[in-house]
$ cat entry-v8.tsv   # TSV, C-alpha atoms and all ligand atoms
chain	number	residue	atom	x	y	z
A	221	MET	CA	-100.56	107.60	19.53
A	222	LYS	CA	-100.68	105.33	16.50
A	223	LYS	CA	-101.13	101.68	17.41
A	224	ILE	CA	-98.88	99.03	15.80
A	225	SER	CA	-100.74	95.93	14.65
A	226	LEU	CA	-99.65	92.51	15.95
A	227	PRO	CA	-98.49	91.18	12.52
A	228	ALA	CA	-96.44	94.37	11.96
A	229	MET	CA	-94.83	94.01	15.36
A	230	LEU	CA	-94.00	90.35	14.66
A	231	LEU	CA	-92.40	91.38	11.36
A	232	VAL	CA	-90.24	93.93	13.19
A	233	ILE	CA	-89.17	91.32	15.75
A	234	ILE	CA	-88.34	88.71	13.08
A	235	THR	CA	-86.43	91.22	10.97
A	236	PHE	CA	-84.43	92.32	14.04
A	237	ALA	CA	-83.72	88.67	14.94
A	238	VAL	CA	-82.48	87.89	11.43
A	239	PHE	CA	-80.20	90.94	11.33
A	240	SER	CA	-78.89	90.28	14.86
A	241	CYS	CA	-78.10	86.72	13.89
A	242	LYS	CA	-76.32	87.92	10.77
A	243	SER	CA	-74.28	90.50	12.68
A	244	ASN	CA	-73.28	87.83	15.22
A	245	ASN	CA	-71.25	85.94	12.66
A	246	ASN	CA	-70.76	89.12	10.68
A	247	ALA	CA	-70.95	87.29	7.34
A	248	GLY	CA	-69.57	89.40	4.52
A	249	GLY	CA	-67.83	91.91	6.74
A	250	TYR	CA	-64.36	90.41	7.13
A	251	ASN	CA	-61.17	91.23	5.29
A	252	ILE	CA	-59.51	87.88	6.08
A	253	VAL	CA	-60.83	84.65	7.54
A	254	ILE	CA	-58.29	82.00	8.55
A	255	LYS	CA	-60.04	78.63	8.53
A	256	GLY	CA	-59.29	75.25	10.02
A	257	GLY	CA	-56.01	75.97	11.83
A	258	HIS	CA	-54.91	74.88	15.29
A	259	VAL	CA	-54.81	78.13	17.25
A	260	ILE	CA	-52.33	78.54	20.11
A	261	ASP	CA	-52.91	81.77	22.00
A	262	PRO	CA	-51.34	81.32	25.45
A	263	LYS	CA	-52.71	84.56	26.90
A	264	ASN	CA	-56.28	83.51	26.15
A	265	ASN	CA	-55.61	79.87	26.97
A	266	ILE	CA	-56.60	78.71	23.50
A	267	ASP	CA	-54.98	75.52	22.22
A	268	GLY	CA	-57.22	73.87	19.65
A	269	PRO	CA	-59.00	74.15	16.29
A	270	MET	CA	-60.41	77.65	15.73
A	271	ASP	CA	-61.14	80.10	12.93
A	272	ILE	CA	-59.96	83.70	13.07
A	273	ALA	CA	-61.58	86.69	11.37
A	274	VAL	CA	-59.75	89.95	10.70
A	275	LYS	CA	-61.39	93.27	9.94
A	276	ASP	CA	-59.95	96.79	9.58
A	277	GLY	CA	-56.53	95.71	10.78
A	278	LYS	CA	-57.85	94.14	13.98
A	279	ILE	CA	-58.79	90.68	15.21
A	280	ALA	CA	-62.59	90.65	14.86
A	281	LEU	CA	-63.48	87.18	16.08
A	282	VAL	CA	-61.93	83.89	17.17
A	283	ALA	CA	-64.53	81.12	17.08
A	284	GLU	CA	-65.00	77.45	16.27
A	285	SER	CA	-66.59	78.17	12.91
A	286	ILE	CA	-66.75	81.52	11.14
A	287	ASP	CA	-68.87	82.14	8.05
A	288	THR	CA	-66.63	83.23	5.17
A	289	THR	CA	-69.43	84.68	3.04
A	290	GLY	CA	-68.21	87.93	1.53
A	291	ALA	CA	-64.73	87.73	3.09
A	292	LEU	CA	-62.12	89.36	0.84
A	293	GLN	CA	-59.53	86.67	1.54
A	294	VAL	CA	-59.95	83.17	2.95
A	295	VAL	CA	-56.91	81.29	4.20
A	296	ASP	CA	-56.92	77.51	4.44
A	297	ALA	CA	-54.81	76.74	7.49
A	298	THR	CA	-55.75	73.07	7.76
A	299	GLY	CA	-52.95	71.11	9.41
A	300	MET	CA	-51.14	74.27	10.54
A	301	TYR	CA	-50.64	76.20	13.76
A	302	VAL	CA	-52.01	79.73	13.99
A	303	THR	CA	-50.36	81.90	16.63
A	304	PRO	CA	-50.01	85.58	17.53
A	305	GLY	CA	-47.34	87.31	15.41
A	306	LEU	CA	-43.99	86.42	16.95
A	307	ILE	CA	-42.02	88.93	19.04
A	308	ASP	CA	-38.22	88.76	18.74
A	309	MET	CA	-37.10	90.51	21.92
A	310	HIS	CA	-33.38	90.66	20.99
A	311	ALA	CA	-32.48	91.76	17.45
A	312	HIS	CA	-30.21	94.32	15.78
A	313	VAL	CA	-31.98	96.26	13.04
A	314	ASN	CA	-30.28	99.66	12.91
A	315	GLN	CA	-28.96	98.96	9.41
A	316	ARG	CA	-28.34	102.67	8.78
A	317	GLY	CA	-26.07	103.12	11.75
A	318	ALA	CA	-24.18	101.58	14.66
A	319	GLY	CA	-24.63	98.02	15.84
A	320	PRO	CA	-23.14	94.56	15.52
A	321	ASN	CA	-23.84	93.79	11.82
A	322	PRO	CA	-27.42	95.14	11.94
A	323	ILE	CA	-29.86	94.18	9.19
A	324	PRO	CA	-33.12	95.65	7.76
A	325	ALA	CA	-36.00	94.27	9.82
A	326	ASP	CA	-38.58	93.70	7.09
A	327	GLY	CA	-36.21	91.50	5.08
A	328	PHE	CA	-35.84	88.95	7.89
A	329	THR	CA	-38.96	89.14	10.05
A	330	PHE	CA	-42.12	88.33	8.09
A	331	ARG	CA	-40.61	85.25	6.44
A	332	VAL	CA	-40.36	83.63	9.90
A	333	GLY	CA	-43.61	84.86	11.43
A	334	VAL	CA	-42.10	87.78	13.36
A	335	THR	CA	-44.19	90.96	13.46
A	336	THR	CA	-42.40	92.79	16.30
A	337	VAL	CA	-38.67	93.10	16.97
A	338	VAL	CA	-36.99	94.81	19.87
A	339	ASP	CA	-33.68	96.33	18.84
A	340	ALA	CA	-31.29	95.46	21.67
A	341	GLY	CA	-29.28	98.60	22.27
A	342	CYS	CA	-27.90	99.53	18.84
A	343	THR	CA	-28.46	103.14	19.86
A	344	GLY	CA	-28.11	105.32	22.93
A	345	PHE	CA	-29.64	108.69	23.79
A	346	ARG	CA	-27.43	110.47	21.26
A	347	THR	CA	-28.16	108.20	18.29
A	348	PHE	CA	-31.72	107.02	18.97
A	349	PRO	CA	-33.59	109.94	17.28
A	350	GLU	CA	-31.80	109.22	13.98
A	351	PHE	CA	-32.57	105.49	14.31
A	352	LYS	CA	-36.22	106.31	14.86
A	353	LYS	CA	-36.37	108.51	11.77
A	354	GLN	CA	-34.37	106.28	9.44
A	355	VAL	CA	-35.53	102.83	10.52
A	356	ILE	CA	-38.36	102.61	13.06
A	357	ASP	CA	-40.69	105.06	11.31
A	358	ILE	CA	-40.34	103.44	7.89
A	359	SER	CA	-40.35	99.74	8.81
A	360	GLN	CA	-43.48	97.67	8.33
A	361	THR	CA	-42.27	95.45	11.15
A	362	ARG	CA	-43.11	96.98	14.52
A	363	VAL	CA	-39.70	98.04	15.85
A	364	LEU	CA	-39.29	98.73	19.57
A	365	ALA	CA	-35.98	99.32	21.33
A	366	PHE	CA	-33.87	98.82	24.41
A	367	LEU	CA	-31.89	102.04	24.71
A	368	ASN	CA	-28.18	101.49	25.28
A	369	ILE	CA	-26.94	103.10	28.49
A	370	VAL	CA	-23.92	104.17	26.40
A	371	GLY	CA	-24.86	107.46	24.71
A	372	GLU	CA	-23.31	106.37	21.40
A	373	GLY	CA	-24.91	102.89	21.52
A	374	LEU	CA	-23.18	99.83	20.08
A	375	ARG	CA	-20.48	101.69	18.14
A	376	GLY	CA	-17.91	99.07	19.04
A	377	GLY	CA	-14.40	99.32	20.46
A	378	PRO	CA	-13.65	102.10	22.93
A	379	PHE	CA	-17.17	103.62	22.67
A	380	GLU	CA	-18.70	100.68	24.53
A	381	GLN	CA	-16.02	100.84	27.25
A	382	ASN	CA	-16.47	104.54	27.95
A	383	ILE	CA	-18.06	104.68	31.41
A	384	LYS	CA	-18.19	108.49	31.14
A	385	ASP	CA	-20.70	108.11	28.28
A	386	MET	CA	-22.98	105.87	30.40
A	387	MET	CA	-25.16	108.71	31.65
A	388	VAL	CA	-28.37	107.98	33.50
A	389	GLU	CA	-30.11	111.35	33.18
A	390	PRO	CA	-30.05	111.82	29.38
A	391	ALA	CA	-30.91	108.13	28.87
A	392	VAL	CA	-33.94	108.52	31.13
A	393	GLU	CA	-34.96	111.74	29.32
A	394	CYS	CA	-34.75	109.97	25.96
A	395	ALA	CA	-36.82	107.01	27.22
A	396	LYS	CA	-39.44	109.43	28.55
A	397	GLN	CA	-39.59	111.19	25.19
A	398	TYR	CA	-40.42	107.93	23.36
A	399	PRO	CA	-42.36	105.97	26.01
A	400	ASP	CA	-44.15	103.68	23.55
A	401	ILE	CA	-41.03	102.69	21.59
A	402	ILE	CA	-38.26	102.50	24.18
A	403	VAL	CA	-39.13	99.47	26.31
A	404	GLY	CA	-36.06	99.46	28.56
A	405	PHE	CA	-32.27	99.79	28.75
A	406	LYS	CA	-29.35	97.70	27.54
A	407	LEU	CA	-25.69	97.20	28.30
A	408	ALA	CA	-23.43	95.00	26.17
A	409	HIS	CA	-19.83	94.04	25.55
A	410	PHE	CA	-18.35	95.85	28.54
A	411	VAL	CA	-14.99	94.38	29.43
A	412	GLY	CA	-13.87	94.90	33.00
A	413	HIS	CA	-14.30	93.75	36.56
A	414	ASP	CA	-16.49	96.72	37.43
A	415	TRP	CA	-20.18	96.91	38.36
A	416	THR	CA	-20.49	100.64	37.51
A	417	PRO	CA	-22.08	100.17	34.05
A	418	ILE	CA	-24.65	97.78	35.51
A	419	LEU	CA	-25.42	100.17	38.37
A	420	ARG	CA	-26.02	102.98	35.86
A	421	ALA	CA	-28.36	100.90	33.67
A	422	THR	CA	-30.35	99.48	36.59
A	423	GLU	CA	-30.78	102.99	37.97
A	424	ALA	CA	-32.19	104.19	34.63
A	425	GLY	CA	-34.54	101.19	34.62
A	426	ARG	CA	-35.68	101.84	38.18
A	427	ILE	CA	-36.45	105.51	37.43
A	428	CYS	CA	-38.49	104.66	34.32
A	429	ASN	CA	-40.02	101.44	35.69
A	430	LYS	CA	-38.69	99.65	32.62
A	431	PRO	CA	-36.55	96.50	32.41
A	432	PHE	CA	-32.80	96.42	31.85
A	433	MET	CA	-31.39	93.75	29.52
A	434	VAL	CA	-27.80	92.80	30.23
A	435	ASP	CA	-25.29	91.19	27.90
A	436	LEU	CA	-22.67	90.70	30.60
A	437	GLY	CA	-19.58	91.13	28.43
A	438	SER	CA	-16.48	89.71	30.02
A	439	ALA	CA	-14.05	90.31	32.85
A	440	THR	CA	-10.99	88.82	34.48
A	441	PRO	CA	-11.87	87.32	36.86
A	442	PRO	CA	-15.50	87.02	35.65
A	443	LEU	CA	-18.17	88.99	37.48
A	444	PRO	CA	-20.01	86.47	39.70
A	445	LEU	CA	-23.46	85.58	38.38
A	446	ASP	CA	-24.94	85.03	41.85
A	447	SER	CA	-24.14	88.67	42.75
A	448	LEU	CA	-25.61	89.85	39.44
A	449	PHE	CA	-28.89	87.93	39.82
A	450	LEU	CA	-29.43	88.20	43.57
A	451	HIS	CA	-28.05	91.67	44.24
A	452	TYR	CA	-27.40	93.98	41.26
A	453	LEU	CA	-30.31	93.32	38.87
A	454	ASN	CA	-33.82	94.46	39.75
A	455	PRO	CA	-36.80	92.09	39.56
A	456	GLY	CA	-38.10	92.31	35.97
A	457	ASP	CA	-34.61	92.71	34.47
A	458	ILE	CA	-33.42	90.35	31.74
A	459	TYR	CA	-30.28	88.24	31.49
A	460	THR	CA	-29.80	87.58	27.77
A	461	HIS	CA	-27.47	84.93	26.25
A	462	CYS	CA	-28.59	82.65	29.11
A	463	TYR	CA	-27.13	79.49	27.53
A	464	GLY	CA	-23.84	81.22	26.64
A	465	GLY	CA	-20.80	82.05	28.73
A	466	GLY	CA	-18.53	79.43	30.17
A	467	GLY	CA	-15.40	80.84	28.54
A	468	SER	CA	-12.64	82.58	30.43
A	469	GLY	CA	-14.47	85.92	30.81
A	470	ARG	CA	-18.04	85.00	31.73
A	471	GLU	CA	-19.54	82.35	33.99
A	472	SER	CA	-22.11	79.83	32.75
A	473	ILE	CA	-25.41	79.21	34.55
A	474	VAL	CA	-24.23	75.59	34.72
A	475	ASP	CA	-21.13	74.26	36.51
A	476	LEU	CA	-19.42	72.91	33.42
A	477	ASN	CA	-17.28	70.47	35.44
A	478	THR	CA	-20.20	68.72	37.13
A	479	GLY	CA	-22.98	69.52	34.63
A	480	GLN	CA	-25.14	70.84	37.47
A	481	LEU	CA	-27.28	73.97	37.25
A	482	ARG	CA	-25.76	76.50	39.60
A	483	PRO	CA	-27.57	76.36	42.95
A	484	PHE	CA	-28.61	80.04	42.97
A	485	MET	CA	-30.51	79.83	39.66
A	486	PRO	CA	-33.92	78.88	41.16
A	487	ASP	CA	-33.58	81.82	43.57
A	488	ALA	CA	-32.72	84.15	40.68
A	489	ARG	CA	-35.90	83.11	38.92
A	490	LYS	CA	-37.92	83.39	42.13
A	491	ARG	CA	-36.58	86.93	42.53
A	492	GLY	CA	-38.13	87.86	39.17
A	493	ILE	CA	-35.08	87.88	36.91
A	494	TYR	CA	-35.98	86.86	33.34
A	495	PHE	CA	-33.80	84.70	31.12
A	496	SER	CA	-33.70	85.09	27.34
A	497	VAL	CA	-31.86	82.90	24.83
A	498	GLY	CA	-30.27	85.72	22.75
A	499	HIS	CA	-28.77	82.97	20.60
A	500	GLY	CA	-26.50	85.11	18.39
A	501	GLY	CA	-23.39	83.78	16.72
A	502	GLY	CA	-21.66	82.65	19.89
A	503	SER	CA	-24.05	82.70	22.81
A	504	PHE	CA	-25.81	79.34	22.67
A	505	PHE	CA	-23.88	76.24	23.66
A	506	TYR	CA	-25.19	72.72	24.25
A	507	PRO	CA	-22.77	72.07	27.18
A	508	THR	CA	-24.82	74.74	29.01
A	509	ALA	CA	-28.23	74.34	27.33
A	510	ILE	CA	-28.50	70.54	27.69
A	511	PRO	CA	-27.82	70.25	31.44
A	512	ALA	CA	-29.81	73.44	32.17
A	513	THR	CA	-32.90	72.21	30.33
A	514	LYS	CA	-32.49	68.71	31.82
A	515	ALA	CA	-32.70	70.42	35.21
A	516	GLY	CA	-35.94	72.06	34.00
A	517	PHE	CA	-34.37	75.48	33.45
A	518	TYR	CA	-36.10	76.67	30.26
A	519	PRO	CA	-35.94	80.28	29.03
A	520	ASP	CA	-38.67	82.83	29.64
A	521	VAL	CA	-38.10	84.19	26.14
A	522	ILE	CA	-36.68	82.64	22.98
A	523	ASP	CA	-35.03	85.48	21.05
A	524	THR	CA	-32.37	85.52	18.39
A	525	ASP	CA	-29.78	88.30	18.68
A	526	LEU	CA	-30.49	88.61	14.95
A	527	ASN	CA	-27.69	90.23	12.94
A	528	ALA	CA	-25.93	89.63	9.63
A	529	SER	CA	-23.42	87.32	11.28
A	530	SER	CA	-25.67	85.19	13.53
A	531	MET	CA	-28.29	84.65	10.81
A	532	ASN	CA	-25.68	83.01	8.61
A	533	GLY	CA	-24.13	81.06	11.49
A	534	ALA	CA	-25.67	78.61	13.94
A	535	MET	CA	-28.66	80.79	14.85
A	536	LYS	CA	-30.24	81.37	11.38
A	537	ASN	CA	-33.73	82.44	12.51
A	538	ILE	CA	-36.20	82.41	15.38
A	539	LEU	CA	-37.99	79.27	14.17
A	540	ILE	CA	-34.75	77.28	14.37
A	541	CYS	CA	-34.15	78.65	17.88
A	542	MET	CA	-37.67	77.39	18.74
A	543	ASP	CA	-36.85	74.00	17.16
A	544	LYS	CA	-33.79	73.75	19.41
A	545	LEU	CA	-35.69	74.40	22.61
A	546	GLN	CA	-38.40	71.97	21.57
A	547	ALA	CA	-35.73	69.34	20.83
A	548	LEU	CA	-34.37	70.00	24.34
A	549	GLY	CA	-37.74	69.09	25.84
A	550	MET	CA	-39.63	72.41	26.09
A	551	ASP	CA	-43.32	71.80	25.40
A	552	PHE	CA	-44.72	73.44	22.28
A	553	LYS	CA	-47.23	75.69	24.04
A	554	SER	CA	-44.43	77.09	26.24
A	555	VAL	CA	-42.28	77.58	23.13
A	556	ILE	CA	-45.07	79.65	21.55
A	557	SER	CA	-45.61	81.58	24.79
A	558	SER	CA	-41.88	82.41	24.91
A	559	VAL	CA	-42.14	84.25	21.57
A	560	THR	CA	-45.54	85.89	22.12
A	561	TRP	CA	-47.20	86.57	25.48
A	562	ASN	CA	-44.08	86.19	27.67
A	563	PRO	CA	-42.01	88.87	25.89
A	564	ALA	CA	-45.07	91.15	25.56
A	565	GLN	CA	-45.43	91.15	29.35
A	566	ILE	CA	-41.71	91.50	30.06
A	567	ILE	CA	-41.43	94.59	27.83
A	568	LYS	CA	-44.71	95.87	29.33
A	569	HIS	CA	-46.64	95.92	26.07
A	570	PRO	CA	-49.69	93.85	27.10
A	571	GLU	CA	-51.53	94.89	23.94
A	572	LEU	CA	-49.15	92.60	21.97
A	573	GLY	CA	-48.58	88.85	21.80
A	574	HIS	CA	-52.18	87.57	21.72
A	575	LEU	CA	-55.24	87.23	19.52
A	576	SER	CA	-57.91	88.93	21.62
A	577	ALA	CA	-60.75	90.52	19.67
A	578	GLY	CA	-59.98	94.20	19.11
A	579	SER	CA	-56.18	93.81	19.20
A	580	GLU	CA	-54.04	94.62	16.16
A	581	ALA	CA	-54.13	91.64	13.80
A	582	ASP	CA	-50.55	90.33	13.92
A	583	ILE	CA	-50.68	86.61	13.14
A	584	ALA	CA	-48.24	83.83	12.24
A	585	ILE	CA	-49.23	80.59	10.52
A	586	LEU	CA	-46.68	77.83	11.04
A	587	SER	CA	-46.39	74.33	9.65
A	588	VAL	CA	-44.21	71.45	10.82
A	589	ARG	CA	-41.96	69.57	8.41
A	590	THR	CA	-40.94	66.07	9.38
A	591	GLY	CA	-37.65	64.40	8.46
A	592	LYS	CA	-34.14	64.36	9.80
A	593	PHE	CA	-32.67	67.76	10.64
A	594	GLY	CA	-29.50	68.97	12.37
A	595	LEU	CA	-29.48	71.76	14.95
A	596	VAL	CA	-26.06	73.32	15.48
A	597	ASP	CA	-24.79	75.43	18.39
A	598	GLY	CA	-22.28	78.30	18.43
A	599	ARG	CA	-19.30	75.92	18.49
A	600	GLY	CA	-20.59	73.58	15.78
A	601	GLU	CA	-21.88	70.82	18.08
A	602	LYS	CA	-25.04	69.25	16.74
A	603	ILE	CA	-28.19	67.53	17.94
A	604	GLU	CA	-30.84	66.03	15.68
A	605	THR	CA	-34.58	66.53	15.48
A	606	ASP	CA	-37.35	64.98	13.41
A	607	LYS	CA	-39.41	68.15	13.08
A	608	LYS	CA	-38.81	71.65	11.90
A	609	LEU	CA	-41.06	74.70	11.97
A	610	GLU	CA	-41.76	76.59	8.76
A	611	CYS	CA	-43.62	79.88	8.39
A	612	GLN	CA	-46.46	79.64	5.88
A	613	MET	CA	-47.98	83.08	6.35
A	614	THR	CA	-47.55	86.29	8.30
A	615	VAL	CA	-50.24	88.91	8.83
A	616	ARG	CA	-49.15	92.34	10.09
A	617	ALA	CA	-51.81	94.85	11.18
A	618	GLY	CA	-54.45	92.95	9.23
A	619	ARG	CA	-52.53	92.66	5.97
A	620	ILE	CA	-50.96	89.50	4.55
A	621	VAL	CA	-47.27	90.40	4.28
A	622	TYR	CA	-45.86	86.91	3.60
A	623	ASP	CA	-47.49	83.84	2.05
A	624	LEU	CA	-44.98	81.07	1.26
A	625	ASN	CA	-47.29	78.78	-0.70
A	626	GLY	CA	-50.18	81.04	-1.64
A	627	ILE	CA	-52.61	79.57	0.90
A	628	ALA	CA	-54.79	82.68	0.76
A	629	ASN	CA	-57.22	82.67	-2.11
A	630	PRO	CA	-56.87	85.59	-4.53
A	631	LEU	CA	-58.04	88.90	-3.16
A	632	VAL	CA	-61.71	89.52	-3.99
A	633	LEU	CA	-61.96	93.19	-4.78
A	634	PRO	CA	-65.18	94.88	-3.67
A	635	ARG	CA	-67.35	95.73	-6.70
A	701	ZN	ZN	-27.25	91.46	20.73
$ encode --input "entry-v8.tsv" --output "structure tokens" --more "lines below"
Ligand SMILES: [Zn+2]
Amino acid sequence: MKKISLPAMLLVIITFAVFSCKSNNNAGGYNIVIKGGHVIDPKNNIDGPMDIAVKDGKIALVAESIDTTGALQVVDATGMYVTPGLIDMHAHVNQRGAGPNPIPADGFTFRVGVTTVVDAGCTGFRTFPEFKKQVIDISQTRVLAFLNIVGEGLRGGPFEQNIKDMMVEPAVECAKQYPDIIVGFKLAHFVGHDWTPILRATEAGRICNKPFMVDLGSATPPLPLDSLFLHYLNPGDIYTHCYGGGGSGRESIVDLNTGQLRPFMPDARKRGIYFSVGHGGGSFFYPTAIPATKAGFYPDVIDTDLNASSMNGAMKNILICMDKLQALGMDFKSVISSVTWNPAQIIKHPELGHLSAGSEADIAILSVRTGKFGLVDGRGEKIETDKKLECQMTVRAGRIVYDLNGIANPLVLPR
């Protein structure tokens, strides 16, 4: 056997050490490096200054200082927050079909840092395949869906009142056919003092081990919320429009006469029921939200109920919904969690909502404007805040899809 001389061996060791060192910070290999931002990644318990490197559509590295040598794009995020791409768990994006004023996702997501939307029941088992073909498959935004327990989905009027069309078996079959896209079931707008629609939807959820999101509709007299939370819903189910209600047809989570949070609410939460804002045009009211948050009852998820009507009304966009909850005392890290890691877990997509190395690179870069701003609720009541979130950049699957002020340097094309 040929002997290797000592100097030759040393050379091999040194060369290996140099290359190992280089591959550790992977200089030259990244597509995007985001420098100098304040990273908030609740799943990984990161809340501080960090750099992020993206390669081949994935998060490659999150570290205190990353070498940008050879990176195709470098983003200066100094003075900004860098978070996982936001998840809007309640939106209506079936713009080619049924739904309450649905809009095209890509037009209204990236500009506010959202990379994933969950369509909240625009379609049922009969209309979902068309929705998938015409919208989900061609959107750059990741579109997931709660399947309406009504076969026709949110077609309005008598369609949504037709209990005969609320069929468990075909809904379950449809959810099983698209297990990665359909995250659960939805019921909305049902008018009547009747638990049957809720029983059907919870049964579908139980069979598939997926959550059911309820928009309680209205009834005379209203269906009692304590029965809904403590008896009818399953742990893991979602009550959306949590700061709404209080009219003649639906109870509020707050006793509006005394301003007290209803006594069963802590038990509802303990039982595993989730509460989402689902702001919408008329489902977020300060007479409920202020006393509820004063009692420490913050939402698990901040979502929008995005549609062509709510986005031009009091809701506007997810960042303004986040501003509202922050103005009502929710701490910023919890606000970020409620649009990233919390919804990812509730919809059972744990691969989303964080910045772990190897995960798909969905990232939002947010700045904070200071000044005097008004935040309006569904009835036009207003509170004021001195800060407002603004989306500076959105990265979806490793590609910059929105850059408000051109904070990425020009793309360096490989020679
Ligand atoms: Zn909705």
$ residues_near_ligand --input "entry-v8.tsv" --ligand "ligand ZN 701 (chain A)" --cutoff "9 Å" --atoms "only C-alpha atoms and all ligand atoms" --output "ChimeraX atom specification"
/A:310-312,319-320,339-342,408,435,460-461,498-500,524-527
$ residues_around --input "entry-v8.tsv" --residues "Asp357 (chain A)" --least-positions-apart "5" --cutoff "12 Å" --atoms "only C-alpha atoms" --output "number ranges by chain"
A: 314, 325, 348-352, 362-364, 401
$ residues_around --input "entry-v8.tsv" --residues "region 619-629 of chain A" --least-positions-apart "2" --cutoff "7 Å" --atoms "only C-alpha atoms" --output "mmCIF file with C-alpha atoms, keeping the file's coordinate frame"
data_model
loop_
_atom_site.group_PDB
_atom_site.id
_atom_site.type_symbol
_atom_site.label_atom_id
_atom_site.label_comp_id
_atom_site.auth_asym_id
_atom_site.auth_seq_id
_atom_site.Cartn_x
_atom_site.Cartn_y
_atom_site.Cartn_z
ATOM 1 C CA GLY A 277 -56.530 95.710 10.780
ATOM 2 C CA GLN A 293 -59.530 86.670 1.540
ATOM 3 C CA VAL A 294 -59.950 83.170 2.950
ATOM 4 C CA VAL A 295 -56.910 81.290 4.200
ATOM 5 C CA ASP A 296 -56.920 77.510 4.440
ATOM 6 C CA PHE A 330 -42.120 88.330 8.090
ATOM 7 C CA ARG A 331 -40.610 85.250 6.440
ATOM 8 C CA GLN A 612 -46.460 79.640 5.880
ATOM 9 C CA MET A 613 -47.980 83.080 6.350
ATOM 10 C CA THR A 614 -47.550 86.290 8.300
ATOM 11 C CA VAL A 615 -50.240 88.910 8.830
ATOM 12 C CA ARG A 616 -49.150 92.340 10.090
ATOM 13 C CA ALA A 617 -51.810 94.850 11.180
ATOM 14 C CA LEU A 631 -58.040 88.900 -3.160
#
$ closest_residue --input "entry-v8.tsv" --among "A:Pro570, A:Gly469, A:Gly317, A:Gly404" --to "Gly376 (chain A)" --atoms "all atoms listed in the file"
A:Gly317
$ closest_atom_pairs --input "entry-v8.tsv" --of "region 402-430 of chain A" --to "region 470-489 of chain A" --cutoff "12 Å" --atoms "all atoms listed in the file" --output "JSON lines"
{"residue": "A:His409", "atom": "CA", "partner": "A:Arg470", "partner_atom": "CA", "distance": 11.1}
{"residue": "A:Phe410", "atom": "CA", "partner": "A:Arg470", "partner_atom": "CA", "distance": 11.3}
{"residue": "A:Val411", "atom": "CA", "partner": "A:Arg470", "partner_atom": "CA", "distance": 10.1}
{"residue": "A:Gly412", "atom": "CA", "partner": "A:Arg470", "partner_atom": "CA", "distance": 10.8}
{"residue": "A:His413", "atom": "CA", "partner": "A:Arg470", "partner_atom": "CA", "distance": 10.7}
$ residues_near_point --input "entry-v8.tsv" --point "(-21.9, 102.5, 22.8)" --cutoff "12 Å" --atoms "all atoms listed in the file" --output "ChimeraX atom specification"
/A:317-320,340-348,367-387,406-410,417
$ atom_distance --input "entry-v8.tsv" --atom1 "CA of Met542 (chain A)" --atom2 "CA of Pro511 (chain A)"
17.6 Å
$ residues_around --input "entry-v8.tsv" --residues "region 558-568 of chain A" --least-positions-apart "6" --cutoff "6 Å" --atoms "all atoms listed in the file" --output "JSON, numbers by chain"
{"A": [306, 307, 403, 520, 521, 522]}
$ atom_distance --input "entry-v8.tsv" --atom1 "CA of Cys462 (chain A)" --atom2 "CA of Asp597 (chain A)"
13.5 Å
$ residues_near_point --input "entry-v8.tsv" --point "(-29.1, 92.4, 30.8)" --cutoff "6 Å" --atoms "only C-alpha atoms" --output "list in words"
Phe432, Met433, Val434, Asp435, Ile458, Tyr459 and Thr460 of chain A
$ write_last_selection --input "entry-v8.tsv" --atoms "C-alpha atoms" --output "mmCIF file, keeping the file's coordinate frame"
data_model
loop_
_atom_site.group_PDB
_atom_site.id
_atom_site.type_symbol
_atom_site.label_atom_id
_atom_site.label_comp_id
_atom_site.auth_asym_id
_atom_site.auth_seq_id
_atom_site.Cartn_x
_atom_site.Cartn_y
_atom_site.Cartn_z
ATOM 1 C CA PHE A 432 -32.800 96.420 31.850
ATOM 2 C CA MET A 433 -31.390 93.750 29.520
ATOM 3 C CA VAL A 434 -27.800 92.800 30.230
ATOM 4 C CA ASP A 435 -25.290 91.190 27.900
ATOM 5 C CA ILE A 458 -33.420 90.350 31.740
ATOM 6 C CA TYR A 459 -30.280 88.240 31.490
ATOM 7 C CA THR A 460 -29.800 87.580 27.770
#
$ atom_distance --input "entry-v8.tsv" --atom1 "CA of Leu548 (chain A)" --atom2 "CA of Lys536 (chain A)"
17.7 Å
$ closest_residue --input "entry-v8.tsv" --among "A:Ile418, A:Cys428, A:Ala509, A:Met300" --to "Gly256 (chain A)" --atoms "only C-alpha atoms"
A:Met300
